[in-house]
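Colleague: File start.tsv below, TSV, C-alpha atoms:
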chain	number	residue	atom	x	y	z
A	1	MET	CA	-13.32	-5.73	-3.76
A	2	SER	CA	-11.14	-4.55	-6.63
A	3	PRO	CA	-8.14	-6.71	-7.47
A	4	ASP	CA	-4.73	-5.78	-6.11
A	5	PRO	CA	-2.04	-4.55	-8.56
A	6	LEU	CA	-0.09	-7.83	-8.55
A	7	SER	CA	-3.24	-9.84	-9.38
A	8	ILE	CA	-4.03	-7.40	-12.23
A	9	THR	CA	-0.49	-7.82	-13.60
A	10	PHE	CA	-0.55	-11.64	-13.46
A	11	ALA	CA	-4.05	-11.75	-15.01
A	12	ALA	CA	-2.86	-9.51	-17.87
A	13	LEU	CA	0.10	-11.83	-18.48
A	14	ALA	CA	-2.13	-14.94	-18.52
A	15	ASP	CA	-2.72	-14.73	-22.26
A	16	PRO	CA	-0.33	-15.61	-25.13
A	17	THR	CA	-1.53	-12.76	-27.39
A	18	ARG	CA	-0.95	-10.17	-24.67
A	19	ARG	CA	2.51	-11.60	-23.95
A	20	ALA	CA	3.31	-11.51	-27.70
A	21	ILE	CA	2.21	-7.86	-27.82
A	22	LEU	CA	4.53	-7.01	-24.90
A	23	ALA	CA	7.39	-8.90	-26.59
A	24	ARG	CA	6.95	-6.79	-29.76
A	25	LEU	CA	7.22	-3.63	-27.65
A	26	ILE	CA	10.57	-4.60	-26.06
A	27	SER	CA	12.67	-2.93	-28.77
A	28	SER	CA	10.52	0.06	-29.75
A	29	GLU	CA	7.14	1.79	-29.72
A	30	VAL	CA	4.67	0.29	-32.22
A	31	SER	CA	1.37	1.70	-33.56
A	32	VAL	CA	-1.86	-0.13	-32.77
A	33	THR	CA	-2.44	-1.09	-36.43
A	34	LYS	CA	1.14	-2.40	-36.80
A	35	LEU	CA	0.76	-4.33	-33.53
A	36	ALA	CA	-2.42	-5.98	-34.83
A	37	GLU	CA	-0.86	-7.14	-38.15
A	38	PRO	CA	0.73	-10.47	-37.10
A	39	PHE	CA	-2.36	-11.63	-35.19
A	40	ASP	CA	-5.18	-13.54	-36.81
A	41	MET	CA	-7.82	-11.39	-35.14
A	42	THR	CA	-9.83	-8.23	-35.76
A	43	LEU	CA	-8.54	-4.81	-34.75
A	44	PRO	CA	-11.29	-4.52	-32.04
A	45	ALA	CA	-10.14	-7.89	-30.61
A	46	VAL	CA	-6.54	-6.66	-30.44
A	47	THR	CA	-7.77	-3.37	-28.95
A	48	LYS	CA	-9.46	-5.32	-26.14
A	49	HIS	CA	-6.13	-6.95	-25.30
A	50	LEU	CA	-4.46	-3.52	-25.35
A	51	ASP	CA	-7.15	-2.24	-22.97
A	52	VAL	CA	-6.26	-5.04	-20.51
A	53	LEU	CA	-2.54	-4.26	-20.82
A	54	GLU	CA	-3.16	-0.53	-20.37
A	55	ARG	CA	-5.36	-1.04	-17.28
A	56	ALA	CA	-2.55	-3.19	-15.84
A	57	GLY	CA	-0.09	-0.32	-16.46
A	58	LEU	CA	1.96	-2.55	-18.78
A	59	ILE	CA	1.60	-0.23	-21.78
A	60	VAL	CA	0.71	3.37	-22.47
A	61	ARG	CA	-0.96	4.46	-25.71
A	62	GLY	CA	-0.16	7.74	-27.38
A	63	ARG	CA	-3.09	10.04	-28.10
A	64	GLU	CA	-1.99	11.08	-31.61
A	65	ALA	CA	-4.95	10.44	-33.97
A	66	GLN	CA	-2.89	9.22	-36.95
A	67	TRP	CA	-0.25	7.12	-35.26
A	68	ARG	CA	-1.17	5.79	-31.85
A	69	PRO	CA	2.11	4.40	-30.59
A	70	CYS	CA	2.05	1.82	-27.79
A	71	ARG	CA	4.92	1.89	-25.34
A	72	LEU	CA	5.93	-0.75	-22.82
A	73	GLN	CA	5.92	0.14	-19.10
A	74	ALA	CA	8.05	-2.35	-17.19
A	75	ALA	CA	7.30	-1.30	-13.58
A	76	PRO	CA	4.52	-3.89	-13.01
A	77	LEU	CA	6.84	-6.59	-14.42
A	78	LYS	CA	9.50	-5.54	-11.91
A	79	ALA	CA	6.96	-6.01	-9.08
A	80	ALA	CA	5.92	-9.43	-10.46
A	81	SER	CA	9.57	-10.45	-10.76
A	82	SER	CA	10.24	-9.39	-7.14
A	83	TRP	CA	7.32	-11.50	-5.95
A	84	ILE	CA	8.59	-14.59	-7.81
A	85	ALA	CA	12.16	-13.99	-6.58
A	86	ASP	CA	11.14	-15.18	-3.07
A	87	TYR	CA	10.82	-18.68	-4.58
A	88	ARG	CA	14.10	-18.68	-6.48
A	89	HIS	CA	16.04	-20.50	-3.73
A	90	ILE	CA	13.52	-23.35	-3.94
A	91	TRP	CA	14.02	-24.15	-7.62
A	92	GLU	CA	17.77	-23.53	-7.27
A	93	GLN	CA	17.97	-25.98	-4.32
A	94	ARG	CA	16.17	-28.59	-6.42
A	95	LEU	CA	18.53	-28.00	-9.35
A	96	ASP	CA	21.50	-28.30	-6.95
A	97	ARG	CA	20.15	-31.60	-5.65
A	98	LEU	CA	19.64	-32.87	-9.23
A	99	ASP	CA	23.16	-31.72	-10.08
A	100	GLY	CA	24.56	-33.55	-7.04
A	101	TYR	CA	22.67	-36.68	-8.00
A	102	LEU	CA	24.00	-36.57	-11.59
A	103	HIS	CA	27.57	-36.10	-10.31
A	104	GLU	CA	27.10	-39.08	-8.00
A	105	LEU	CA	25.85	-41.20	-10.92
A	106	GLN	CA	28.83	-40.10	-13.03
A	107	ARG	CA	31.29	-40.93	-10.21
A	108	LYS	CA	29.77	-44.39	-9.76
A	109	GLY	CA	29.88	-44.90	-13.55
A	110	LYS	CA	33.63	-44.14	-13.58
A	111	GLN	CA	34.25	-46.49	-10.61
A	112	ASN	CA	32.47	-49.31	-12.47
A	113	VAL	CA	34.57	-48.68	-15.60
A	114	ARG	CA	37.76	-48.85	-13.44
A	115	LYS	CA	36.65	-52.09	-11.77
A	116	LYS	CA	36.01	-53.70	-15.15
A	117	LYS	CA	39.55	-52.76	-16.30
B	1	MET	CA	-7.72	-24.45	-27.49
B	2	SER	CA	-6.40	-25.29	-24.03
B	3	PRO	CA	-4.25	-22.61	-22.39
B	4	ASP	CA	-0.45	-22.85	-22.61
B	5	PRO	CA	1.53	-23.62	-19.41
B	6	LEU	CA	2.73	-20.04	-18.92
B	7	SER	CA	-0.84	-18.68	-19.16
B	8	ILE	CA	-1.99	-21.30	-16.63
B	9	THR	CA	0.81	-20.27	-14.25
B	10	PHE	CA	0.09	-16.54	-14.51
B	11	ALA	CA	-3.68	-17.12	-14.12
B	12	ALA	CA	-3.02	-19.19	-10.97
B	13	LEU	CA	-0.87	-16.36	-9.54
B	14	ALA	CA	-3.54	-13.72	-10.28
B	15	ASP	CA	-5.20	-14.17	-6.90
B	16	PRO	CA	-4.01	-12.94	-3.47
B	17	THR	CA	-5.31	-16.03	-1.60
B	18	ARG	CA	-3.44	-18.38	-3.93
B	19	ARG	CA	-0.26	-16.32	-3.59
B	20	ALA	CA	-0.65	-16.35	0.22
B	21	ILE	CA	-1.03	-20.16	0.11
B	22	LEU	CA	2.19	-20.47	-1.93
B	23	ALA	CA	3.98	-18.14	0.51
B	24	ARG	CA	3.00	-20.38	3.44
B	25	LEU	CA	4.48	-23.38	1.60
B	26	ILE	CA	7.90	-21.75	1.11
B	27	SER	CA	9.35	-23.09	4.35
B	28	SER	CA	7.59	-26.46	4.72
B	29	GLU	CA	4.77	-28.79	3.70
B	30	VAL	CA	1.42	-27.85	5.30
B	31	SER	CA	-1.80	-29.87	5.59
B	32	VAL	CA	-4.92	-28.65	3.77
B	33	THR	CA	-6.75	-27.93	7.06
B	34	LYS	CA	-3.75	-25.99	8.47
B	35	LEU	CA	-3.48	-24.06	5.20
B	36	ALA	CA	-7.16	-23.07	5.41
B	37	GLU	CA	-6.92	-21.74	9.01
B	38	PRO	CA	-5.74	-18.15	8.40
B	39	PHE	CA	-8.25	-17.53	5.60
B	40	ASP	CA	-11.74	-16.23	6.24
B	41	MET	CA	-13.29	-18.79	3.90
B	42	THR	CA	-14.78	-22.27	3.97
B	43	LEU	CA	-12.63	-25.36	3.49
B	44	PRO	CA	-14.30	-26.06	0.09
B	45	ALA	CA	-13.41	-22.50	-1.03
B	46	VAL	CA	-9.77	-23.04	-0.04
B	47	THR	CA	-9.85	-26.45	-1.74
B	48	LYS	CA	-10.94	-24.76	-4.99
B	49	HIS	CA	-7.87	-22.52	-4.82
B	50	LEU	CA	-5.70	-25.58	-4.15
B	51	ASP	CA	-7.24	-27.26	-7.22
B	52	VAL	CA	-6.18	-24.28	-9.37
B	53	LEU	CA	-2.65	-24.37	-7.91
B	54	GLU	CA	-2.40	-28.13	-8.43
B	55	ARG	CA	-3.61	-27.94	-12.05
B	56	ALA	CA	-0.93	-25.27	-12.62
B	57	GLY	CA	1.71	-27.64	-11.20
B	58	LEU	CA	2.50	-25.14	-8.43
B	59	ILE	CA	1.66	-27.56	-5.62
B	60	VAL	CA	1.29	-31.29	-5.12
B	61	ARG	CA	-1.06	-32.77	-2.54
B	62	GLY	CA	-0.23	-35.91	-0.60
B	63	ARG	CA	-2.75	-38.71	-0.74
B	64	GLU	CA	-2.60	-39.66	2.96
B	65	ALA	CA	-6.18	-39.63	4.26
B	66	GLN	CA	-5.42	-38.14	7.69
B	67	TRP	CA	-2.83	-35.55	6.83
B	68	ARG	CA	-2.90	-34.30	3.27
B	69	PRO	CA	0.32	-32.30	3.05
B	70	CYS	CA	0.61	-29.69	0.30
B	71	ARG	CA	4.06	-29.16	-1.16
B	72	LEU	CA	5.30	-26.30	-3.31
B	73	GLN	CA	6.58	-27.06	-6.82
B	74	ALA	CA	8.69	-24.17	-8.05
B	75	ALA	CA	9.31	-25.22	-11.69
B	76	PRO	CA	6.40	-23.18	-13.16
B	77	LEU	CA	7.62	-20.14	-11.18
B	78	LYS	CA	11.07	-20.59	-12.73
B	79	ALA	CA	9.48	-20.52	-16.22
B	80	ALA	CA	7.46	-17.40	-15.32
B	81	SER	CA	10.58	-15.74	-13.94
B	82	SER	CA	12.52	-16.54	-17.14
B	83	TRP	CA	9.77	-14.98	-19.25
B	84	ILE	CA	9.80	-11.76	-17.19
B	85	ALA	CA	13.63	-11.64	-17.22
B	86	ASP	CA	13.52	-10.54	-20.91
B	87	TYR	CA	12.12	-7.23	-19.68
B	88	ARG	CA	14.59	-6.67	-16.86
B	89	HIS	CA	16.90	-4.43	-18.92
B	90	ILE	CA	13.95	-2.10	-19.59
B	91	TRP	CA	13.15	-1.34	-15.96
B	92	GLU	CA	16.86	-1.23	-15.12
B	93	GLN	CA	17.50	1.31	-17.93
B	94	ARG	CA	14.68	3.47	-16.56
B	95	LEU	CA	16.08	3.25	-13.02
B	96	ASP	CA	19.53	4.19	-14.39
B	97	ARG	CA	18.06	7.23	-16.12
B	98	LEU	CA	16.24	8.25	-12.91
B	99	ASP	CA	19.46	7.76	-10.98
B	100	GLY	CA	21.35	9.94	-13.47
B	101	TYR	CA	18.69	12.63	-13.21
B	102	LEU	CA	18.85	12.62	-9.38
B	103	HIS	CA	22.66	12.91	-9.47
B	104	GLU	CA	22.37	15.83	-11.86
B	105	LEU	CA	19.87	17.55	-9.52
B	106	GLN	CA	22.22	16.95	-6.56
B	107	ARG	CA	25.22	18.35	-8.49
B	108	LYS	CA	23.26	21.48	-9.45
B	109	GLY	CA	22.09	21.87	-5.84
B	110	LYS	CA	25.72	21.82	-4.61
B	111	GLN	CA	26.77	24.38	-7.28
B	112	ASN	CA	23.98	26.72	-6.11
B	113	VAL	CA	25.09	26.37	-2.49
B	114	ARG	CA	28.69	27.23	-3.52
B	115	LYS	CA	27.54	30.28	-5.53
B	116	LYS	CA	25.57	31.59	-2.53
B	117	LYS	CA	28.68	31.30	-0.31
Please rewrite the model in this file as structure tokens.

Modeller:
Amino acid sequence: MSPDPLSITFAALADPTRRAILARLISSEVSVTKLAEPFDMTLPAVTKHLDVLERAGLIVRGREAQWRPCRLQAAPLKAASSWIADYRHIWEQRLDRLDGYLHELQRKGKQNVRKKK
Amino acid sequence: MSPDPLSITFAALADPTRRAILARLISSEVSVTKLAEPFDMTLPAVTKHLDVLERAGLIVRGREAQWRPCRLQAAPLKAASSWIADYRHIWEQRLDRLDGYLHELQRKGKQNVRKKK
């Protein structure tokens, strides 16, 4: 059974080097050799990461021999974001409850200050 | 080198069974045995998935012997969502361009209809 697209996307994102590569591609296309520069790894090692990102549809690589520009493809990220969005109300509810609790603490703190006066 | 929290979260999400388990926990706590019911796998296999989700901080499991309720913890999903949000403008720009292109096609279509009249 081959993995579903969402599993492929999340697996591709489960690595700090691959996420750093995507982050470098936010502003512009970058050649493979330029992309490899900041990483303390061989060009073949970086190429392996690019292969994973390309299979996940997160980047496309130009075919020009001299300058092989990598370009970000955000569609799989949009799908991943949509999946996570179903859970947003849960963390927001918890933040709301925390916020309510802090307000309550603050209110009680002020009451105590008034009583002492 | 142990993986960073974001890599652990994405790796945990890179599996359809684990995502289905999280989806079942959106509305309420569910016991391990109840959680296992819809899946065509053994209880130990489901438990392995729960171990991965627990290590990623995506669920917590109650310690009651009879009824071990699993509860969703959305904080790692919030972090994952924040990471992906940096790329939102990219897919939105592309949708805007597609939208512009479709409007242009529509406008030209109307002009052609008028010319034919």

Colleague: One decimal, Å: what's the distance from CA of Gln73 (chain A) over to CA of Ile59 (chain A), could you say?

Modeller: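 Value for the CA of Gln73 (chain A)-CA of Ile59 (chain A) distance: 5.1 Å.
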
Colleague: Within 7 Å of chain A, which residues belong to chain B? Use only C-alpha atoms and report them as JSON, numbers by chain.

Modeller: {"B": [7, 8, 10, 11, 13, 14, 15, 16, 74, 75, 77, 78, 81, 84, 87, 90, 91]}

Colleague: Hey, can you check how far CA of Thr47 (chain A) sits from CA of Thr33 (chain A)?

Modeller: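 About the pair CA of Thr47 (chain A) and CA of Thr33 (chain A): they are 9.5 Å apart.
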
Colleague: Between A:Val52, A:Lys108, A:Ala20, A:Gly57, which one has atoms that come closest to Phe39 (chain A), using all atoms listed in the file?

Modeller: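 Of the candidates, the smallest distance to Phe39 (chain A) is held by A:Ala20.
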
Colleague: State, in Å with one decimal place, the distance from CA of Arg68 (chain A) to CA of Val30 (chain A).

Modeller: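 These atoms are spaced 8.0 Å apart.
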
Colleague: Using all atoms listed in the file, can you tell me which of B:Gln106, B:Gln93, B:Ser31, B:Thr17 comes closest to Gly62 (chain B)?

Modeller: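 Counting all atoms listed in the file, the residue closest to Gly62 (chain B) is B:Ser31.
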
Colleague: Ranking B:Arg97, B:Arg107, B:Lys115, B:Lys34 by minimum distance to Pro69 (chain B) and counting all atoms listed in the file, which one comes first?

Modeller: B:Lys34

Colleague: Would you mind completing region 31-42 of chain B so that it carries N, CA and C atoms, and writing it out as an mmCIF file, in the frame of the given file?

Modeller:
data_model
loop_
_atom_site.group_PDB
_atom_site.id
_atom_site.type_symbol
_atom_site.label_atom_id
_atom_site.label_comp_id
_atom_site.auth_asym_id
_atom_site.auth_seq_id
_atom_site.Cartn_x
_atom_site.Cartn_y
_atom_site.Cartn_z
ATOM 1 N N SER B 31 -0.578 -29.119 5.894
ATOM 2 C CA SER B 31 -1.800 -29.870 5.590
ATOM 3 C C SER B 31 -2.887 -28.916 5.076
ATOM 4 N N VAL B 32 -3.847 -29.461 4.345
ATOM 5 C CA VAL B 32 -4.920 -28.650 3.770
ATOM 6 C C VAL B 32 -5.674 -27.896 4.868
ATOM 7 N N THR B 33 -5.986 -28.587 5.984
ATOM 8 C CA THR B 33 -6.750 -27.930 7.060
ATOM 9 C C THR B 33 -5.935 -26.799 7.707
ATOM 10 N N LYS B 34 -4.632 -27.021 7.913
ATOM 11 C CA LYS B 34 -3.750 -25.990 8.470
ATOM 12 C C LYS B 34 -3.671 -24.789 7.516
ATOM 13 N N LEU B 35 -3.572 -25.112 6.209
ATOM 14 C CA LEU B 35 -3.480 -24.060 5.200
ATOM 15 C C LEU B 35 -4.722 -23.173 5.219
ATOM 16 N N ALA B 36 -5.883 -23.799 5.466
ATOM 17 C CA ALA B 36 -7.160 -23.070 5.410
ATOM 18 C C ALA B 36 -7.345 -22.133 6.600
ATOM 19 N N GLU B 37 -6.702 -22.485 7.742
ATOM 20 C CA GLU B 37 -6.920 -21.740 9.010
ATOM 21 C C GLU B 37 -6.879 -20.213 8.911
ATOM 22 N N PRO B 38 -5.802 -19.620 8.346
ATOM 23 C CA PRO B 38 -5.740 -18.150 8.400
ATOM 24 C C PRO B 38 -6.725 -17.444 7.474
ATOM 25 N N PHE B 39 -7.377 -18.186 6.569
ATOM 26 C CA PHE B 39 -8.250 -17.530 5.600
ATOM 27 C C PHE B 39 -9.702 -17.514 6.078
ATOM 28 N N ASP B 40 -10.351 -16.387 5.830
ATOM 29 C CA ASP B 40 -11.740 -16.230 6.240
ATOM 30 C C ASP B 40 -12.627 -16.819 5.141
ATOM 31 N N MET B 41 -12.469 -18.119 4.909
ATOM 32 C CA MET B 41 -13.290 -18.790 3.900
ATOM 33 C C MET B 41 -13.478 -20.255 4.266
ATOM 34 N N THR B 42 -14.478 -20.874 3.662
ATOM 35 C CA THR B 42 -14.780 -22.270 3.970
ATOM 36 C C THR B 42 -13.683 -23.184 3.431
#
